[in-house]
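As provided, query17.txt (compact mmCIF, C-alpha atoms and all ligand atoms) reads as follows.
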# COMPACT_ATOMS: atom_id res chain seq x y z
CA MET A 552 16.20 9.04 1.31
CA ALA A 553 18.41 10.33 4.10
CA LYS A 554 19.08 14.01 4.29
CA GLY A 555 22.48 15.44 4.98
CA ARG A 556 24.21 18.70 5.52
CA VAL A 557 27.84 19.62 4.98
CA GLU A 558 29.99 22.19 6.69
CA ILE A 559 33.08 23.28 4.81
CA ALA A 560 36.04 24.74 6.67
CA THR A 561 36.76 27.18 3.88
CA GLU A 562 40.18 28.20 5.17
CA PHE A 563 41.45 24.63 4.67
CA CYS A 564 40.14 24.22 1.13
CA LYS A 565 42.76 24.03 -1.64
CA SER A 566 40.36 23.86 -4.61
CA CYS A 567 41.43 20.34 -5.59
CA GLU A 568 37.80 19.53 -6.46
CA TYR A 569 38.08 15.90 -5.29
CA CYS A 570 34.91 16.43 -3.29
CA VAL A 571 33.11 17.97 -6.25
CA ILE A 572 33.91 14.93 -8.39
CA SER A 573 33.11 12.42 -5.64
CA CYS A 574 29.64 13.71 -4.75
CA PRO A 575 27.01 11.39 -6.23
CA LYS A 576 24.37 14.12 -6.03
CA ASN A 577 26.36 16.99 -7.54
CA CYS A 578 25.92 19.10 -4.44
CA LEU A 579 29.30 20.77 -4.34
CA ALA A 580 30.96 23.38 -6.53
CA VAL A 581 33.91 25.70 -6.36
CA GLY A 582 32.54 29.11 -5.53
CA GLU A 583 33.65 32.56 -6.58
CA LYS A 584 35.10 33.70 -3.25
CA VAL A 585 38.67 32.97 -2.20
CA ASN A 586 40.02 32.18 1.25
CA SER A 587 42.92 33.96 2.92
CA LYS A 588 45.41 31.72 1.09
CA GLY A 589 43.99 32.70 -2.27
CA TYR A 590 42.15 29.48 -3.08
CA PRO A 591 38.58 29.64 -4.36
CA TYR A 592 36.77 27.40 -1.92
CA VAL A 593 34.06 24.82 -2.29
CA VAL A 594 30.48 25.66 -1.41
CA SER A 595 27.34 23.59 -1.16
CA ALA A 596 25.63 24.58 -4.40
CA ASN A 597 22.64 22.24 -4.05
CA PRO A 598 22.33 21.65 -0.31
CA GLU A 599 18.78 20.27 -0.61
CA ASP A 600 20.10 17.30 -2.62
CA CYS A 601 22.67 16.17 -0.03
CA ILE A 602 22.03 12.62 1.24
CA GLY A 603 24.73 12.67 3.93
CA CYS A 604 26.80 9.89 2.32
CA ALA A 605 30.07 11.54 3.44
CA MET A 606 31.96 10.63 0.28
CA CYS A 607 33.12 14.24 0.08
CA ALA A 608 34.45 14.25 3.64
CA GLN A 609 36.26 10.94 3.16
CA ILE A 610 38.06 12.06 0.01
CA CYS A 611 39.05 15.57 1.12
CA PRO A 612 42.85 15.56 1.69
CA GLU A 613 42.55 18.64 3.90
CA SER A 614 39.78 17.25 6.15
CA ALA A 615 37.86 20.40 5.37
CA ILE A 616 34.39 18.85 5.21
CA GLU A 617 32.14 17.71 8.02
CA VAL A 618 28.91 15.88 7.27
CA TRP A 619 25.78 15.83 9.41
CA ARG A 620 22.94 13.42 8.87
CA GLN A 621 19.44 14.60 9.55
S1 LIG B 701 27.60 14.07 1.98
FE1 LIG B 701 27.44 12.95 0.02
S2 LIG B 701 25.70 13.91 -1.00
FE2 LIG B 701 26.32 15.31 0.64
S3 LIG B 701 27.72 16.76 -0.34
FE3 LIG B 701 28.97 15.09 0.53
S4 LIG B 701 29.25 13.63 -1.16
FE4 LIG B 701 27.54 14.99 -1.71
S1 LIG B 702 38.33 17.99 -1.41
FE1 LIG B 702 38.65 19.40 0.32
S2 LIG B 702 40.37 20.68 -0.31
FE2 LIG B 702 39.61 19.66 -2.14
S3 LIG B 702 38.14 21.13 -3.05
FE3 LIG B 702 36.98 19.75 -1.70
S4 LIG B 702 36.89 20.81 0.30
FE4 LIG B 702 38.50 21.77 -0.91
If you took the structure in this file and wrote it as structure tokens, what would it be?
Ligand code: SF4
Ligand code: SF4
Amino acid sequence: MAKGRVEIATEFCKSCEYCVISCPKNCLAVGEKVNSKGYPYVVSANPEDCIGCAMCAQICPESAIEVWRQ
């Protein structure tokens, strides 16, 4: 299985959770910290499970997620 890694531009996140719902491996979750606009931003909660499918990046309306395949 391919391994992936995500980078989240936390300042762009609006907490819509589309990425959380779209991830087939349940890697992403809204964290407890907020960005400068007051939105709690998404973090990679289970980074070891990421397969690099990029579903999260494709669905993010803010283009806040970059995916790297390893
Ligand atoms: S790349 Fe795929 S597996 Fe990895 S966090 Fe995004 S949706 Fe989940
Ligand atoms: S889809 Fe984008 S804006 Fe929405 S919660 Fe995920 S990272 Fe944040």
Can you tell me, as a JSON list (two decimals) with C-alpha atoms, in the frame of the given file, what residues are no more than 12 Å from region 599-606 of chain A when counting only C-alpha atoms, ignoring any on the same chain fewer than 2 positions away?
[["chain", "number", "residue", "atom", "x", "y", "z"],
["A", 552, "MET", "CA", 16.20, 9.04, 1.31],
["A", 553, "ALA", "CA", 18.41, 10.33, 4.10],
["A", 554, "LYS", "CA", 19.08, 14.01, 4.29],
["A", 555, "GLY", "CA", 22.48, 15.44, 4.98],
["A", 556, "ARG", "CA", 24.21, 18.70, 5.52],
["A", 557, "VAL", "CA", 27.84, 19.62, 4.98],
["A", 558, "GLU", "CA", 29.99, 22.19, 6.69],
["A", 569, "TYR", "CA", 38.08, 15.90, -5.29],
["A", 570, "CYS", "CA", 34.91, 16.43, -3.29],
["A", 571, "VAL", "CA", 33.11, 17.97, -6.25],
["A", 572, "ILE", "CA", 33.91, 14.93, -8.39],
["A", 573, "SER", "CA", 33.11, 12.42, -5.64],
["A", 574, "CYS", "CA", 29.64, 13.71, -4.75],
["A", 575, "PRO", "CA", 27.01, 11.39, -6.23],
["A", 576, "LYS", "CA", 24.37, 14.12, -6.03],
["A", 577, "ASN", "CA", 26.36, 16.99, -7.54],
["A", 578, "CYS", "CA", 25.92, 19.10, -4.44],
["A", 579, "LEU", "CA", 29.30, 20.77, -4.34],
["A", 595, "SER", "CA", 27.34, 23.59, -1.16],
["A", 596, "ALA", "CA", 25.63, 24.58, -4.40],
["A", 597, "ASN", "CA", 22.64, 22.24, -4.05],
["A", 608, "ALA", "CA", 34.45, 14.25, 3.64],
["A", 609, "GLN", "CA", 36.26, 10.94, 3.16],
["A", 610, "ILE", "CA", 38.06, 12.06, 0.01],
["A", 611, "CYS", "CA", 39.05, 15.57, 1.12],
["A", 614, "SER", "CA", 39.78, 17.25, 6.15],
["A", 615, "ALA", "CA", 37.86, 20.40, 5.37],
["A", 616, "ILE", "CA", 34.39, 18.85, 5.21],
["A", 617, "GLU", "CA", 32.14, 17.71, 8.02],
["A", 618, "VAL", "CA", 28.91, 15.88, 7.27],
["A", 619, "TRP", "CA", 25.78, 15.83, 9.41],
["A", 620, "ARG", "CA", 22.94, 13.42, 8.87],
["A", 621, "GLN", "CA", 19.44, 14.60, 9.55]]
**Fill in**
One decimal place gives the CA of Cys564 (chain A)-CA of Tyr590 (chain A) separation as 7.0 Å
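Using all atoms listed in the file, the nearest neighbour of ligand LIG 701 (chain B) within the list A:Glu613, A:Lys588, A:Cys607, A:Ala560 is A:Cys607.
The interatomic distance for the pair CA of Glu562 (chain A) and atom S1 of ligand LIG 701 (chain B) works out to 19.2 Å.
The interatomic distance for the pair atom FE1 of ligand LIG 701 (chain B) and CA of Glu583 (chain A) works out to 21.6 Å.
Among A:Cys567, A:Tyr592, A:Pro612, A:Ala580, the residue with the shortest atom-to-atom distance to ligand LIG 701 (chain B), counting only C-alpha atoms and all ligand atoms, is A:Ala580.
Distances here use only C-alpha atoms and all ligand atoms; by that measure, the residue among A:Pro598, A:Asn586, A:Val581, A:Val593 closest to ligand LIG 701 (chain B) is A:Pro598.
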Rebuild N, CA and C atoms on region 587-617 of chain A, as a short mmCIF file (atom, residue, chain, number, x, y, z; two decimals), in the frame of the given file?
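Saved as out13.cif:
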data_model
loop_
_atom_site.label_atom_id
_atom_site.label_comp_id
_atom_site.auth_asym_id
_atom_site.auth_seq_id
_atom_site.Cartn_x
_atom_site.Cartn_y
_atom_site.Cartn_z
N SER A 587 41.79 33.06 2.65
CA SER A 587 42.92 33.96 2.92
C SER A 587 44.21 33.50 2.26
N LYS A 588 44.23 32.22 1.81
CA LYS A 588 45.41 31.72 1.09
C LYS A 588 45.28 31.89 -0.41
N GLY A 589 44.16 32.42 -0.85
CA GLY A 589 43.99 32.70 -2.27
C GLY A 589 43.30 31.60 -3.06
N TYR A 590 42.83 30.55 -2.38
CA TYR A 590 42.15 29.48 -3.08
C TYR A 590 40.65 29.75 -3.13
N PRO A 591 40.04 29.63 -4.32
CA PRO A 591 38.58 29.64 -4.36
C PRO A 591 38.08 28.40 -3.65
N TYR A 592 37.16 28.55 -2.72
CA TYR A 592 36.77 27.40 -1.92
C TYR A 592 35.42 26.83 -2.34
N VAL A 593 35.26 25.57 -1.93
CA VAL A 593 34.06 24.82 -2.29
C VAL A 593 32.87 25.29 -1.45
N VAL A 594 31.73 25.34 -2.10
CA VAL A 594 30.48 25.66 -1.41
C VAL A 594 29.46 24.57 -1.73
N SER A 595 28.44 24.50 -0.91
CA SER A 595 27.34 23.59 -1.16
C SER A 595 26.36 24.29 -2.11
N ALA A 596 26.41 23.90 -3.38
CA ALA A 596 25.63 24.58 -4.40
C ALA A 596 24.18 24.10 -4.43
N ASN A 597 23.99 22.83 -4.07
CA ASN A 597 22.64 22.24 -4.05
C ASN A 597 22.43 21.52 -2.72
N PRO A 598 22.37 22.28 -1.63
CA PRO A 598 22.33 21.65 -0.31
C PRO A 598 21.10 20.76 -0.11
N GLU A 599 20.01 21.06 -0.80
CA GLU A 599 18.78 20.27 -0.61
C GLU A 599 18.92 18.87 -1.17
N ASP A 600 19.92 18.63 -2.03
CA ASP A 600 20.10 17.30 -2.62
C ASP A 600 21.04 16.41 -1.81
N CYS A 601 21.68 16.94 -0.79
CA CYS A 601 22.67 16.17 -0.03
C CYS A 601 21.98 15.02 0.72
N ILE A 602 22.59 13.81 0.58
CA ILE A 602 22.03 12.62 1.24
C ILE A 602 22.88 12.20 2.45
N GLY A 603 23.92 12.97 2.75
CA GLY A 603 24.73 12.67 3.93
C GLY A 603 25.62 11.46 3.78
N CYS A 604 26.02 11.12 2.55
CA CYS A 604 26.80 9.89 2.32
C CYS A 604 28.25 10.02 2.80
N ALA A 605 28.73 11.24 2.94
CA ALA A 605 30.07 11.54 3.44
C ALA A 605 31.20 11.16 2.50
N MET A 606 30.89 10.89 1.26
CA MET A 606 31.96 10.63 0.28
C MET A 606 32.90 11.83 0.18
N CYS A 607 32.33 13.02 0.20
CA CYS A 607 33.12 14.24 0.08
C CYS A 607 34.10 14.38 1.25
N ALA A 608 33.61 14.11 2.45
CA ALA A 608 34.45 14.25 3.64
C ALA A 608 35.58 13.22 3.63
N GLN A 609 35.26 12.00 3.17
CA GLN A 609 36.26 10.94 3.16
C GLN A 609 37.38 11.24 2.18
N ILE A 610 37.06 11.87 1.06
CA ILE A 610 38.06 12.06 0.01
C ILE A 610 38.87 13.34 0.20
N CYS A 611 38.37 14.26 0.99
CA CYS A 611 39.05 15.57 1.12
C CYS A 611 40.41 15.40 1.81
N PRO A 612 41.51 15.72 1.10
CA PRO A 612 42.85 15.56 1.69
C PRO A 612 43.13 16.56 2.79
N GLU A 613 42.34 17.60 2.89
CA GLU A 613 42.55 18.64 3.90
C GLU A 613 41.60 18.49 5.09
N SER A 614 40.78 17.45 5.09
CA SER A 614 39.78 17.25 6.15
C SER A 614 38.95 18.51 6.38
N ALA A 615 38.57 19.12 5.28
CA ALA A 615 37.86 20.40 5.37
C ALA A 615 36.35 20.25 5.44
N ILE A 616 35.85 19.02 5.29
CA ILE A 616 34.39 18.85 5.21
C ILE A 616 33.89 17.99 6.37
N GLU A 617 32.86 18.49 7.02
CA GLU A 617 32.14 17.71 8.02
C GLU A 617 30.74 17.46 7.51
#
